[in-house]
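The structure appears below as C-alpha coordinates.
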2 protein chains.
Amino acid sequence: MNRTVHNECMNQGRPREFDIERALESATRQFWAVGYEATSLTDLLKVMKLSKSSLYQAFGNKEALFIRCLDYFQNTMADDLLDKLHRTDSPRQFLADYLEGVIDEASKTSGRKGCLLVNTANELAQRNALVSAAVAKGSKHMMKVFTAAIQLAQERGEIATAVPAEDFARYYFSSVSGLRTMVKAGASRAELEPIAKLVMATLS
Amino acid sequence: MNRTVHNECMNQGRPREFDIERALESATRQFWAVGYEATSLTDLLKVMKLSKSSLYQAFGNKEALFIRCLDYFQNTMADDLLDKLHRTDSPRQFLADYLEGVIDEASKTSGRKGCLLVNTANELAQRNALVSAAVAKGSKHMMKVFTAAIQLAQERGEIATAVPAEDFARYYFSSVSGLRTMVKAGASRAELEPIAKLVMATLS
DNA sequence: CCAATTATGGACCATTCGGTCCCTATTGGT
DNA sequence: ACCAATAGGGACCGAATGGTCCATAATTGG
(Lines give C-alpha, C1' and ligand atoms only; values in the text may rest on other atoms or scores of the structure.)
Protein backbone atom coordinates (compact mmCIF):
# COMPACT_ATOMS: atom_id res chain seq x y z
CA MET A 1 0.00 0.00 0.00
CA ASN A 2 2.73 2.42 1.01
CA ARG A 3 4.70 3.43 -2.08
CA THR A 4 8.27 4.65 -2.22
CA VAL A 5 8.27 8.24 -1.12
CA HIS A 6 10.44 11.06 -2.37
CA ASN A 7 10.59 12.98 0.87
CA GLU A 8 12.78 12.68 3.88
CA CYS A 9 10.67 11.81 6.90
CA MET A 10 10.57 8.05 7.53
CA ASN A 11 13.71 6.79 9.14
CA GLN A 12 14.30 3.17 8.70
CA GLY A 13 17.00 1.59 6.63
CA ARG A 14 20.28 3.16 5.64
CA PRO A 15 20.54 6.82 6.54
CA ARG A 16 21.35 9.44 3.93
CA GLU A 17 25.06 10.05 3.65
CA PHE A 18 25.00 13.57 2.24
CA ASP A 19 23.69 16.83 3.59
CA ILE A 20 20.54 17.86 1.74
CA GLU A 21 21.11 21.51 2.54
CA ARG A 22 24.66 21.47 1.23
CA ALA A 23 23.60 19.67 -1.92
CA LEU A 24 20.84 22.20 -2.45
CA GLU A 25 23.27 25.04 -2.02
CA SER A 26 25.67 23.60 -4.57
CA ALA A 27 22.90 23.01 -7.08
CA THR A 28 21.61 26.52 -6.55
CA ARG A 29 25.06 27.96 -7.23
CA GLN A 30 25.25 26.01 -10.47
CA PHE A 31 21.78 27.01 -11.71
CA TRP A 32 22.53 30.55 -10.67
CA ALA A 33 25.76 30.64 -12.63
CA VAL A 34 24.62 29.23 -15.95
CA GLY A 35 20.86 28.85 -15.87
CA TYR A 36 18.48 25.92 -15.99
CA GLU A 37 18.86 24.58 -19.52
CA ALA A 38 22.60 25.03 -19.60
CA THR A 39 22.99 23.00 -16.42
CA SER A 40 23.15 19.31 -17.26
CA LEU A 41 22.46 16.43 -14.96
CA THR A 42 26.15 15.63 -15.14
CA ASP A 43 27.04 19.13 -13.99
CA LEU A 44 24.68 18.77 -11.07
CA LEU A 45 26.09 15.41 -10.02
CA LYS A 46 29.57 16.87 -10.10
CA VAL A 47 28.91 19.93 -7.96
CA MET A 48 26.50 18.16 -5.63
CA LYS A 49 28.89 15.25 -5.28
CA LEU A 50 26.31 12.53 -5.40
CA SER A 51 25.19 9.79 -7.72
CA LYS A 52 22.39 9.95 -10.19
CA SER A 53 20.18 7.61 -8.20
CA SER A 54 20.72 9.58 -5.02
CA LEU A 55 19.73 12.75 -6.77
CA TYR A 56 16.57 11.27 -8.23
CA GLN A 57 15.78 9.56 -4.96
CA ALA A 58 16.14 12.74 -2.98
CA PHE A 59 14.71 15.32 -5.36
CA GLY A 60 12.58 13.54 -7.95
CA ASN A 61 13.95 15.10 -11.10
CA LYS A 62 15.77 18.07 -12.50
CA GLU A 63 12.75 20.30 -12.61
CA ALA A 64 11.70 19.54 -9.03
CA LEU A 65 15.25 20.10 -7.85
CA PHE A 66 15.27 23.45 -9.62
CA ILE A 67 12.07 24.52 -7.94
CA ARG A 68 13.58 23.66 -4.58
CA CYS A 69 16.67 25.66 -5.50
CA LEU A 70 14.52 28.66 -6.36
CA ASP A 71 12.95 28.37 -2.95
CA TYR A 72 16.27 27.94 -1.23
CA PHE A 73 17.71 30.94 -3.04
CA GLN A 74 14.74 33.13 -2.32
CA ASN A 75 14.73 32.35 1.39
CA THR A 76 18.48 32.71 1.78
CA MET A 77 18.53 35.99 -0.10
CA ALA A 78 15.56 37.52 1.62
CA ASP A 79 16.82 36.52 5.06
CA ASP A 80 20.21 37.94 4.28
CA LEU A 81 18.76 41.21 3.05
CA LEU A 82 16.38 41.55 5.97
CA ASP A 83 19.32 41.01 8.25
CA LYS A 84 21.31 43.77 6.58
CA LEU A 85 18.28 46.03 6.65
CA HIS A 86 17.76 45.57 10.35
CA ARG A 87 21.36 46.28 11.12
CA THR A 88 21.64 49.48 9.09
CA ASP A 89 20.61 52.84 10.50
CA SER A 90 19.77 54.31 7.09
CA PRO A 91 17.28 52.28 5.06
CA ARG A 92 17.84 54.65 2.16
CA GLN A 93 21.54 53.91 2.23
CA PHE A 94 20.68 50.23 2.35
CA LEU A 95 18.81 50.59 -0.93
CA ALA A 96 21.61 52.60 -2.49
CA ASP A 97 24.16 50.03 -1.35
CA TYR A 98 22.23 47.22 -2.95
CA LEU A 99 22.20 49.06 -6.28
CA GLU A 100 25.90 49.61 -5.89
CA GLY A 101 26.35 45.90 -5.31
CA VAL A 102 24.60 45.17 -8.58
CA ILE A 103 26.88 47.60 -10.39
CA ASP A 104 29.92 46.01 -8.81
CA GLU A 105 29.19 42.89 -10.83
CA ALA A 106 29.89 44.83 -14.02
CA SER A 107 33.54 45.15 -13.03
CA LYS A 108 33.98 41.45 -12.56
CA THR A 109 35.57 39.64 -15.46
CA SER A 110 33.57 36.50 -14.91
CA GLY A 111 30.71 35.30 -12.83
CA ARG A 112 28.23 38.05 -13.54
CA LYS A 113 25.48 35.83 -12.28
CA GLY A 114 22.80 38.39 -11.62
CA CYS A 115 19.90 37.22 -9.52
CA LEU A 116 18.57 33.70 -9.89
CA LEU A 117 14.97 34.87 -9.74
CA VAL A 118 15.46 37.53 -12.40
CA ASN A 119 17.43 35.13 -14.56
CA THR A 120 14.75 32.49 -14.26
CA ALA A 121 11.96 34.93 -14.98
CA ASN A 122 13.74 35.73 -18.21
CA GLU A 123 14.73 32.19 -19.08
CA LEU A 124 11.64 30.11 -18.54
CA ALA A 125 8.89 31.71 -16.56
CA GLN A 126 6.98 31.91 -19.85
CA ARG A 127 7.17 28.22 -20.58
CA ASN A 128 6.89 26.40 -17.28
CA ALA A 129 3.95 26.89 -14.97
CA LEU A 130 5.63 25.45 -11.88
CA VAL A 131 8.71 27.58 -12.36
CA SER A 132 6.51 30.56 -13.06
CA ALA A 133 4.74 30.09 -9.74
CA ALA A 134 8.02 29.73 -7.87
CA VAL A 135 9.34 32.91 -9.46
CA ALA A 136 6.17 34.78 -8.58
CA LYS A 137 6.46 33.62 -4.98
CA GLY A 138 10.11 34.62 -4.83
CA SER A 139 9.38 38.01 -6.34
CA LYS A 140 6.74 38.66 -3.73
CA HIS A 141 9.22 37.74 -1.04
CA MET A 142 11.79 40.18 -2.39
CA MET A 143 9.11 42.82 -2.80
CA LYS A 144 8.27 42.44 0.88
CA VAL A 145 11.84 43.19 1.83
CA PHE A 146 12.07 46.21 -0.44
CA THR A 147 8.71 47.49 0.71
CA ALA A 148 9.82 47.17 4.32
CA ALA A 149 12.98 49.10 3.55
CA ILE A 150 11.09 51.88 1.83
CA GLN A 151 8.50 52.09 4.58
CA LEU A 152 11.28 52.44 7.11
CA ALA A 153 12.92 55.12 5.00
CA GLN A 154 9.63 56.95 4.64
CA GLU A 155 9.11 56.87 8.40
CA ARG A 156 12.49 58.44 8.89
CA GLY A 157 11.85 61.06 6.25
CA GLU A 158 14.55 59.68 3.94
CA ILE A 159 12.03 59.04 1.18
CA ALA A 160 8.92 61.01 0.25
CA THR A 161 5.54 59.64 1.22
CA ALA A 162 3.75 61.01 -1.83
CA VAL A 163 4.01 57.60 -3.49
CA PRO A 164 2.85 54.40 -1.73
CA ALA A 165 5.73 52.28 -0.45
CA GLU A 166 4.60 49.35 -2.57
CA ASP A 167 4.72 51.35 -5.77
CA PHE A 168 8.15 52.63 -4.91
CA ALA A 169 9.23 49.09 -4.06
CA ARG A 170 8.00 47.76 -7.37
CA TYR A 171 9.77 50.58 -9.18
CA TYR A 172 12.93 49.78 -7.29
CA PHE A 173 12.65 46.08 -8.06
CA SER A 174 12.10 46.84 -11.72
CA SER A 175 15.09 49.18 -11.74
CA VAL A 176 17.31 46.54 -10.18
CA SER A 177 16.23 44.05 -12.85
CA GLY A 178 16.97 46.60 -15.55
CA LEU A 179 20.39 47.29 -14.14
CA ARG A 180 21.12 43.59 -14.03
CA THR A 181 20.22 43.27 -17.69
CA MET A 182 22.50 46.17 -18.52
CA VAL A 183 25.30 44.43 -16.67
CA LYS A 184 24.70 41.27 -18.67
CA ALA A 185 24.63 43.28 -21.87
CA GLY A 186 28.12 44.47 -21.04
CA ALA A 187 27.60 48.00 -19.70
CA SER A 188 30.48 49.54 -17.79
CA ARG A 189 30.46 50.89 -14.28
CA ALA A 190 30.74 54.43 -15.63
CA GLU A 191 27.60 53.93 -17.68
CA LEU A 192 25.68 52.36 -14.82
CA GLU A 193 26.44 54.86 -12.05
CA PRO A 194 24.28 57.63 -13.56
CA ILE A 195 21.39 55.20 -13.83
CA ALA A 196 21.64 54.30 -10.16
CA LYS A 197 21.79 57.99 -9.29
CA LEU A 198 18.59 58.64 -11.23
CA VAL A 199 16.85 55.73 -9.57
CA MET A 200 17.81 56.94 -6.12
CA ALA A 201 16.78 60.46 -7.08
CA THR A 202 13.35 59.18 -8.03
CA LEU A 203 13.08 57.77 -4.53
CA SER A 204 13.13 61.38 -3.48
CA MET B 1 41.10 27.04 -55.50
CA ASN B 2 37.65 28.53 -55.08
CA ARG B 3 35.90 26.75 -52.25
CA THR B 4 32.20 26.41 -51.72
CA VAL B 5 30.99 29.72 -50.38
CA HIS B 6 28.31 30.36 -47.82
CA ASN B 7 27.20 33.69 -49.17
CA GLU B 8 24.81 34.70 -51.87
CA CYS B 9 26.68 36.55 -54.59
CA MET B 10 27.81 34.24 -57.39
CA ASN B 11 25.01 33.35 -59.73
CA GLN B 12 25.60 30.28 -61.70
CA GLY B 13 23.69 27.06 -61.33
CA ARG B 14 20.27 26.65 -59.88
CA PRO B 15 18.97 29.80 -58.27
CA ARG B 16 17.78 29.87 -54.70
CA GLU B 17 14.10 29.04 -54.40
CA PHE B 18 13.37 30.73 -51.09
CA ASP B 19 13.53 34.33 -49.99
CA ILE B 20 16.45 34.88 -47.65
CA GLU B 21 14.78 37.86 -46.07
CA ARG B 22 11.56 35.96 -45.39
CA ALA B 23 13.47 33.01 -43.97
CA LEU B 24 15.42 35.35 -41.72
CA GLU B 25 12.24 36.96 -40.51
CA SER B 26 10.68 33.60 -39.64
CA ALA B 27 13.79 32.47 -37.82
CA THR B 28 13.92 35.74 -35.92
CA ARG B 29 10.32 35.33 -34.81
CA GLN B 30 11.09 31.85 -33.54
CA PHE B 31 14.24 32.85 -31.63
CA TRP B 32 12.36 35.85 -30.31
CA ALA B 33 9.50 33.73 -29.04
CA VAL B 34 11.38 30.99 -27.23
CA GLY B 35 15.06 31.88 -27.13
CA TYR B 36 18.18 30.40 -28.67
CA GLU B 37 18.64 27.15 -26.79
CA ALA B 38 14.96 26.29 -26.80
CA THR B 39 14.82 26.67 -30.57
CA SER B 40 15.87 23.42 -32.22
CA LEU B 41 17.08 22.96 -35.76
CA THR B 42 13.83 21.14 -36.43
CA ASP B 43 11.83 24.13 -35.24
CA LEU B 44 13.81 26.38 -37.52
CA LEU B 45 13.33 24.16 -40.55
CA LYS B 46 9.61 24.12 -39.89
CA VAL B 47 9.09 27.87 -39.60
CA MET B 48 11.61 28.75 -42.29
CA LYS B 49 10.13 26.13 -44.57
CA LEU B 50 13.38 24.85 -45.94
CA SER B 51 15.49 21.76 -45.76
CA LYS B 52 18.41 21.19 -43.47
CA SER B 53 20.93 21.37 -46.26
CA SER B 54 19.49 24.60 -47.57
CA LEU B 55 19.73 26.14 -44.14
CA TYR B 56 23.34 25.12 -43.65
CA GLN B 57 24.19 26.12 -47.19
CA ALA B 58 22.69 29.57 -46.78
CA PHE B 59 23.58 30.40 -43.20
CA GLY B 60 26.43 28.16 -42.09
CA ASN B 61 25.07 26.94 -38.78
CA LYS B 62 22.63 27.68 -36.01
CA GLU B 63 24.87 30.15 -34.26
CA ALA B 64 25.65 32.12 -37.40
CA LEU B 65 21.98 32.19 -38.30
CA PHE B 66 21.19 33.51 -34.85
CA ILE B 67 23.71 36.30 -35.19
CA ARG B 68 22.14 37.30 -38.47
CA CYS B 69 18.75 37.25 -36.81
CA LEU B 70 20.01 39.54 -34.07
CA ASP B 71 21.20 41.91 -36.74
CA TYR B 72 17.97 41.66 -38.67
CA PHE B 73 15.94 42.31 -35.55
CA GLN B 74 18.04 45.22 -34.45
CA ASN B 75 17.85 46.95 -37.82
CA THR B 76 14.15 46.34 -38.26
CA MET B 77 13.36 47.55 -34.76
CA ALA B 78 15.54 50.62 -34.87
CA ASP B 79 14.25 51.64 -38.29
CA ASP B 80 10.70 51.19 -37.15
CA LEU B 81 11.25 53.24 -34.02
CA LEU B 82 13.09 56.00 -35.84
CA ASP B 83 10.21 56.15 -38.23
CA LYS B 84 7.71 56.54 -35.43
CA LEU B 85 9.91 59.12 -33.78
CA HIS B 86 10.14 61.23 -36.91
CA ARG B 87 6.41 61.14 -37.41
CA THR B 88 5.43 62.15 -33.89
CA ASP B 89 5.26 65.75 -32.80
CA SER B 90 6.01 64.95 -29.15
CA PRO B 91 9.19 62.96 -28.56
CA ARG B 92 8.25 62.71 -24.90
CA GLN B 93 4.95 61.11 -25.80
CA PHE B 94 6.86 58.78 -28.09
CA LEU B 95 8.89 57.56 -25.12
CA ALA B 96 5.79 57.22 -22.95
CA ASP B 97 4.02 55.29 -25.70
CA TYR B 98 6.87 52.85 -26.00
CA LEU B 99 6.70 52.13 -22.28
CA GLU B 100 2.97 51.66 -22.63
CA GLY B 101 3.59 49.18 -25.41
CA VAL B 102 5.84 47.15 -23.15
CA ILE B 103 3.15 47.13 -20.47
CA ASP B 104 0.56 46.02 -23.01
CA GLU B 105 2.41 42.74 -23.28
CA ALA B 106 1.51 41.97 -19.69
CA SER B 107 -2.16 41.72 -20.63
CA LYS B 108 -1.53 39.19 -23.34
CA THR B 109 -2.18 35.61 -22.36
CA SER B 110 0.59 34.25 -24.51
CA GLY B 111 3.47 35.52 -26.55
CA ARG B 112 5.06 37.81 -24.05
CA LYS B 113 8.19 37.80 -26.09
CA GLY B 114 9.91 40.87 -24.74
CA CYS B 115 12.78 42.20 -26.82
CA LEU B 116 15.11 39.80 -28.59
CA LEU B 117 18.16 41.84 -27.61
CA VAL B 118 17.22 41.97 -23.94
CA ASN B 119 16.30 38.29 -23.95
CA THR B 120 19.57 37.37 -25.56
CA ALA B 121 21.59 39.53 -23.20
CA ASN B 122 20.06 37.57 -20.37
CA GLU B 123 20.26 34.17 -22.00
CA LEU B 124 23.73 33.93 -23.39
CA ALA B 125 25.66 37.16 -23.66
CA GLN B 126 27.75 35.81 -20.78
CA ARG B 127 28.76 32.63 -22.54
CA ASN B 128 29.18 33.46 -26.20
CA ALA B 129 31.55 36.13 -27.42
CA LEU B 130 30.03 36.49 -30.89
CA VAL B 131 26.55 36.81 -29.50
CA SER B 132 27.83 39.19 -26.88
CA ALA B 133 29.26 41.44 -29.57
CA ALA B 134 26.04 41.35 -31.57
CA VAL B 135 24.04 42.26 -28.50
CA ALA B 136 26.38 45.12 -27.70
CA LYS B 137 26.05 46.42 -31.24
CA GLY B 138 22.28 46.14 -31.10
CA SER B 139 22.13 47.88 -27.75
CA LYS B 140 24.16 50.76 -29.09
CA HIS B 141 21.78 51.01 -32.00
CA MET B 142 18.77 51.19 -29.71
CA MET B 143 20.58 53.65 -27.48
CA LYS B 144 21.09 55.92 -30.47
CA VAL B 145 17.36 55.98 -31.13
CA PHE B 146 16.51 56.69 -27.51
CA THR B 147 19.20 59.34 -27.25
CA ALA B 148 17.84 61.02 -30.36
CA ALA B 149 14.35 61.00 -28.91
CA ILE B 150 15.51 62.51 -25.65
CA GLN B 151 17.61 65.15 -27.38
CA LEU B 152 14.60 66.13 -29.43
CA ALA B 153 12.48 66.29 -26.30
CA GLN B 154 15.09 68.38 -24.55
CA GLU B 155 15.22 70.80 -27.45
CA ARG B 156 11.47 71.22 -27.23
CA GLY B 157 11.58 71.69 -23.47
CA GLU B 158 9.70 68.46 -22.81
CA ILE B 159 12.57 67.03 -20.80
CA ALA B 160 15.01 68.81 -18.52
CA THR B 161 18.54 69.42 -19.77
CA ALA B 162 20.15 69.05 -16.36
CA VAL B 163 21.12 65.48 -17.22
CA PRO B 164 22.97 64.59 -20.44
CA ALA B 165 20.74 63.00 -23.05
CA GLU B 166 22.90 59.89 -23.11
CA ASP B 167 22.55 59.32 -19.38
CA PHE B 168 18.82 59.75 -19.65
CA ALA B 169 18.74 57.39 -22.60
CA ARG B 170 20.67 54.74 -20.72
CA TYR B 171 18.35 55.16 -17.75
CA TYR B 172 15.38 54.79 -20.05
CA PHE B 173 16.84 51.71 -21.71
CA SER B 174 17.53 50.14 -18.35
CA SER B 175 14.01 50.95 -17.20
CA VAL B 176 12.52 49.33 -20.28
CA SER B 177 14.57 46.21 -19.63
CA GLY B 178 13.42 46.16 -16.04
CA LEU B 179 9.78 46.51 -17.06
CA ARG B 180 10.20 43.68 -19.52
CA THR B 181 11.53 41.45 -16.78
CA MET B 182 8.59 42.35 -14.57
CA VAL B 183 6.26 41.40 -17.39
CA LYS B 184 7.96 38.06 -17.73
CA ALA B 185 7.79 37.54 -14.00
CA GLY B 186 4.04 37.88 -14.28
CA ALA B 187 3.35 41.43 -13.07
CA SER B 188 -0.05 42.88 -13.91
CA ARG B 189 -0.80 46.04 -15.79
CA ALA B 190 -1.99 47.68 -12.57
CA GLU B 191 1.36 47.00 -10.98
CA LEU B 192 3.34 48.20 -13.95
CA GLU B 193 1.59 51.50 -14.64
CA PRO B 194 2.97 53.22 -11.52
CA ILE B 195 6.46 52.14 -12.51
CA ALA B 196 6.10 53.68 -15.95
CA LYS B 197 4.75 56.87 -14.35
CA LEU B 198 7.80 57.10 -12.10
CA VAL B 199 10.14 56.53 -15.01
CA MET B 200 8.51 59.27 -17.05
CA ALA B 201 8.53 61.52 -14.01
CA THR B 202 12.26 61.03 -13.70
CA LEU B 203 12.57 62.25 -17.26
CA SER B 204 11.31 65.52 -15.87
C1' DC C 1 20.48 -11.78 14.24
C1' DC C 2 17.27 -11.11 10.97
C1' DA C 3 13.99 -8.65 8.14
C1' DA C 4 12.69 -4.45 6.30
C1' DT C 5 14.11 -0.43 4.27
C1' DT C 6 16.87 2.76 2.11
C1' DA C 7 21.34 4.68 -0.17
C1' DT C 8 24.41 4.29 -3.68
C1' DG C 9 26.92 3.24 -7.93
C1' DG C 10 26.72 2.23 -12.48
C1' DA C 11 24.83 0.03 -16.50
C1' DC C 12 21.47 1.00 -19.60
C1' DC C 13 17.86 3.44 -22.50
C1' DA C 14 15.25 6.22 -25.86
C1' DT C 15 15.29 10.64 -27.58
C1' DT C 16 17.01 14.71 -29.28
C1' DC C 17 20.58 17.62 -30.28
C1' DG C 18 23.46 20.13 -34.02
C1' DG C 19 25.84 18.89 -37.95
C1' DT C 20 27.66 16.23 -42.25
C1' DC C 21 27.27 14.09 -46.55
C1' DC C 22 25.70 12.16 -50.72
C1' DC C 23 22.56 11.83 -54.41
C1' DT C 24 19.56 13.84 -57.55
C1' DA C 25 16.93 17.71 -59.59
C1' DT C 26 17.19 22.00 -61.61
C1' DT C 27 18.93 25.94 -63.57
C1' DG C 28 22.07 29.50 -66.31
C1' DG C 29 25.93 30.28 -69.38
C1' DT C 30 28.12 29.19 -73.50
C1' DA D 1 22.96 20.54 -76.19
C1' DC D 2 25.90 20.23 -72.62
C1' DC D 3 28.50 21.49 -68.70
C1' DA D 4 29.26 23.72 -64.40
C1' DA D 5 27.29 24.79 -60.28
C1' DT D 6 24.04 25.13 -56.94
C1' DA D 7 19.42 23.71 -54.50
C1' DG D 8 17.15 20.51 -51.94
C1' DG D 9 15.69 16.01 -49.79
C1' DG D 10 16.90 12.80 -46.60
C1' DA D 11 19.81 9.27 -44.63
C1' DC D 12 23.11 9.19 -41.33
C1' DC D 13 26.25 10.38 -37.27
C1' DG D 14 28.40 10.97 -32.67
C1' DA D 15 27.54 13.15 -28.59
C1' DA D 16 24.83 14.50 -24.94
C1' DT D 17 20.47 14.83 -22.95
C1' DG D 18 17.18 13.51 -18.89
C1' DG D 19 15.63 9.46 -16.88
C1' DT D 20 15.08 4.29 -15.33
C1' DC D 21 16.46 0.17 -13.22
C1' DC D 22 18.84 -3.26 -10.79
C1' DA D 23 22.22 -5.29 -7.88
C1' DT D 24 24.60 -4.40 -3.77
C1' DA D 25 25.88 -2.16 0.57
C1' DA D 26 24.52 -0.27 4.80
C1' DT D 27 21.72 0.62 8.57
C1' DT D 28 17.78 0.41 11.73
C1' DG D 29 13.93 -1.63 14.57
C1' DG D 30 12.30 -5.68 16.51
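As shown in the C-alpha coordinates, the chain order sets the letters A, B, ...; within each chain, residues go from 1, and ligands are also counted from 1 in the order they appear.
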For this session: Mind checking which residues fall within 12 Å of DC13 in chain C, counting only C-alpha atoms (C1' of nucleotides), ignoring those fewer than 4 positions away in the same chain, and posting them as JSON, numbers by chain?
Result: {"D": [17, 18, 19, 20, 21]}
Export of prior selection with N, CA and C atoms (P, O5', C5', C4', C3', O3' and C1' of nucleotides) as a JSON list (two decimals), in the first residue's frame:
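Once written, again.json looks like this:
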```json
[["chain", "number", "residue", "atom", "x", "y", "z"],
["D", 17, "DT", "P", 25.22, 16.91, -21.45],
["D", 17, "DT", "O5'", 23.63, 16.80, -21.39],
["D", 17, "DT", "C5'", 22.83, 17.51, -22.35],
["D", 17, "DT", "C4'", 21.48, 16.86, -22.46],
["D", 17, "DT", "C3'", 20.92, 16.34, -21.14],
["D", 17, "DT", "O3'", 20.36, 17.41, -20.42],
["D", 17, "DT", "C1'", 20.47, 14.83, -22.95],
["D", 18, "DG", "P", 20.28, 17.26, -18.84],
["D", 18, "DG", "O5'", 18.96, 16.41, -18.65],
["D", 18, "DG", "C5'", 17.75, 16.89, -19.20],
["D", 18, "DG", "C4'", 16.70, 15.80, -19.11],
["D", 18, "DG", "C3'", 16.36, 15.38, -17.68],
["D", 18, "DG", "O3'", 14.96, 15.13, -17.59],
["D", 18, "DG", "C1'", 17.18, 13.51, -18.89],
["D", 19, "DG", "P", 14.41, 14.64, -16.13],
["D", 19, "DG", "O5'", 14.43, 13.05, -16.26],
["D", 19, "DG", "C5'", 13.74, 12.44, -17.34],
["D", 19, "DG", "C4'", 13.92, 10.95, -17.27],
["D", 19, "DG", "C3'", 13.67, 10.32, -15.89],
["D", 19, "DG", "O3'", 12.62, 9.38, -15.99],
["D", 19, "DG", "C1'", 15.63, 9.46, -16.88],
["D", 20, "DT", "P", 12.13, 8.57, -14.70],
["D", 20, "DT", "O5'", 12.70, 7.11, -14.96],
["D", 20, "DT", "C5'", 12.47, 6.49, -16.22],
["D", 20, "DT", "C4'", 13.07, 5.11, -16.24],
["D", 20, "DT", "C3'", 12.73, 4.23, -15.03],
["D", 20, "DT", "O3'", 12.31, 2.96, -15.50],
["D", 20, "DT", "C1'", 15.08, 4.29, -15.33],
["D", 21, "DC", "P", 11.60, 1.91, -14.47],
["D", 21, "DC", "O5'", 12.75, 0.82, -14.29],
["D", 21, "DC", "C5'", 13.74, 0.71, -15.31],
["D", 21, "DC", "C4'", 14.84, -0.24, -14.84],
["D", 21, "DC", "C3'", 14.49, -1.06, -13.61],
["D", 21, "DC", "O3'", 14.95, -2.38, -13.78],
["D", 21, "DC", "C1'", 16.46, 0.17, -13.22]]
```
Exercise. Counting only C-alpha atoms, which residues of chain A come no farther than 6 Å from chain B, as a VMD selection string?
Worked result: chain A and resid 121 171 174 to 175 177 to 179 184 to 185 195
For this session: Using only C-alpha atoms (C1' of nucleotides), select each residue of chain C with any atom at most 7 Å away from an atom of chain A, and give the selection as a list in words.
Result: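 Taking only C-alpha atoms (C1' of nucleotides) into account, DT5, DT6, DA7, DT8 and DG9 of chain C sit within 7 Å of chain A.
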Problem set entry | For chain D, the nearest of the candidates A:Tyr36, A:Tyr56, A:Leu130, A:Leu24, counting only C-alpha atoms (C1' of nucleotides) |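 Of the candidates, the smallest distance to chain D is held by A:Tyr56.
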Near chain A, 7 Å: chain D residue rows, closest pairs, only C-alpha atoms (C1' of nucleotides), as CSV:
```
residue,atom,partner,partner_atom,distance
D:DA26,C1',A:Arg14,CA,5.5
D:DT27,C1',A:Arg14,CA,4.1
D:DT28,C1',A:Gly13,CA,5.3
```
Exercise. Can you tell me, as a PyMOL selection string, what residues are no more than 10 Å from range 84-94 of chain A when counting only C-alpha atoms (C1' of nucleotides), ignoring any on the same chain fewer than 2 positions away?
Worked result: chain A and resi 78-82+96-100+145-146+148-159+200+203-204
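Non-sequential neighbours of DC13 in chain D (distance at most 12 Å, separation of 2 or more positions within a chain, only C-alpha atoms (C1' of nucleotides)) are DC17, DG18, DG19, DT20 and DC21 of chain C; DA11 and DA15 of chain D.
Taking CA of Tyr72 in chain B as the reference point, CA of Ser26 in chain B is found at 10.9 Å.
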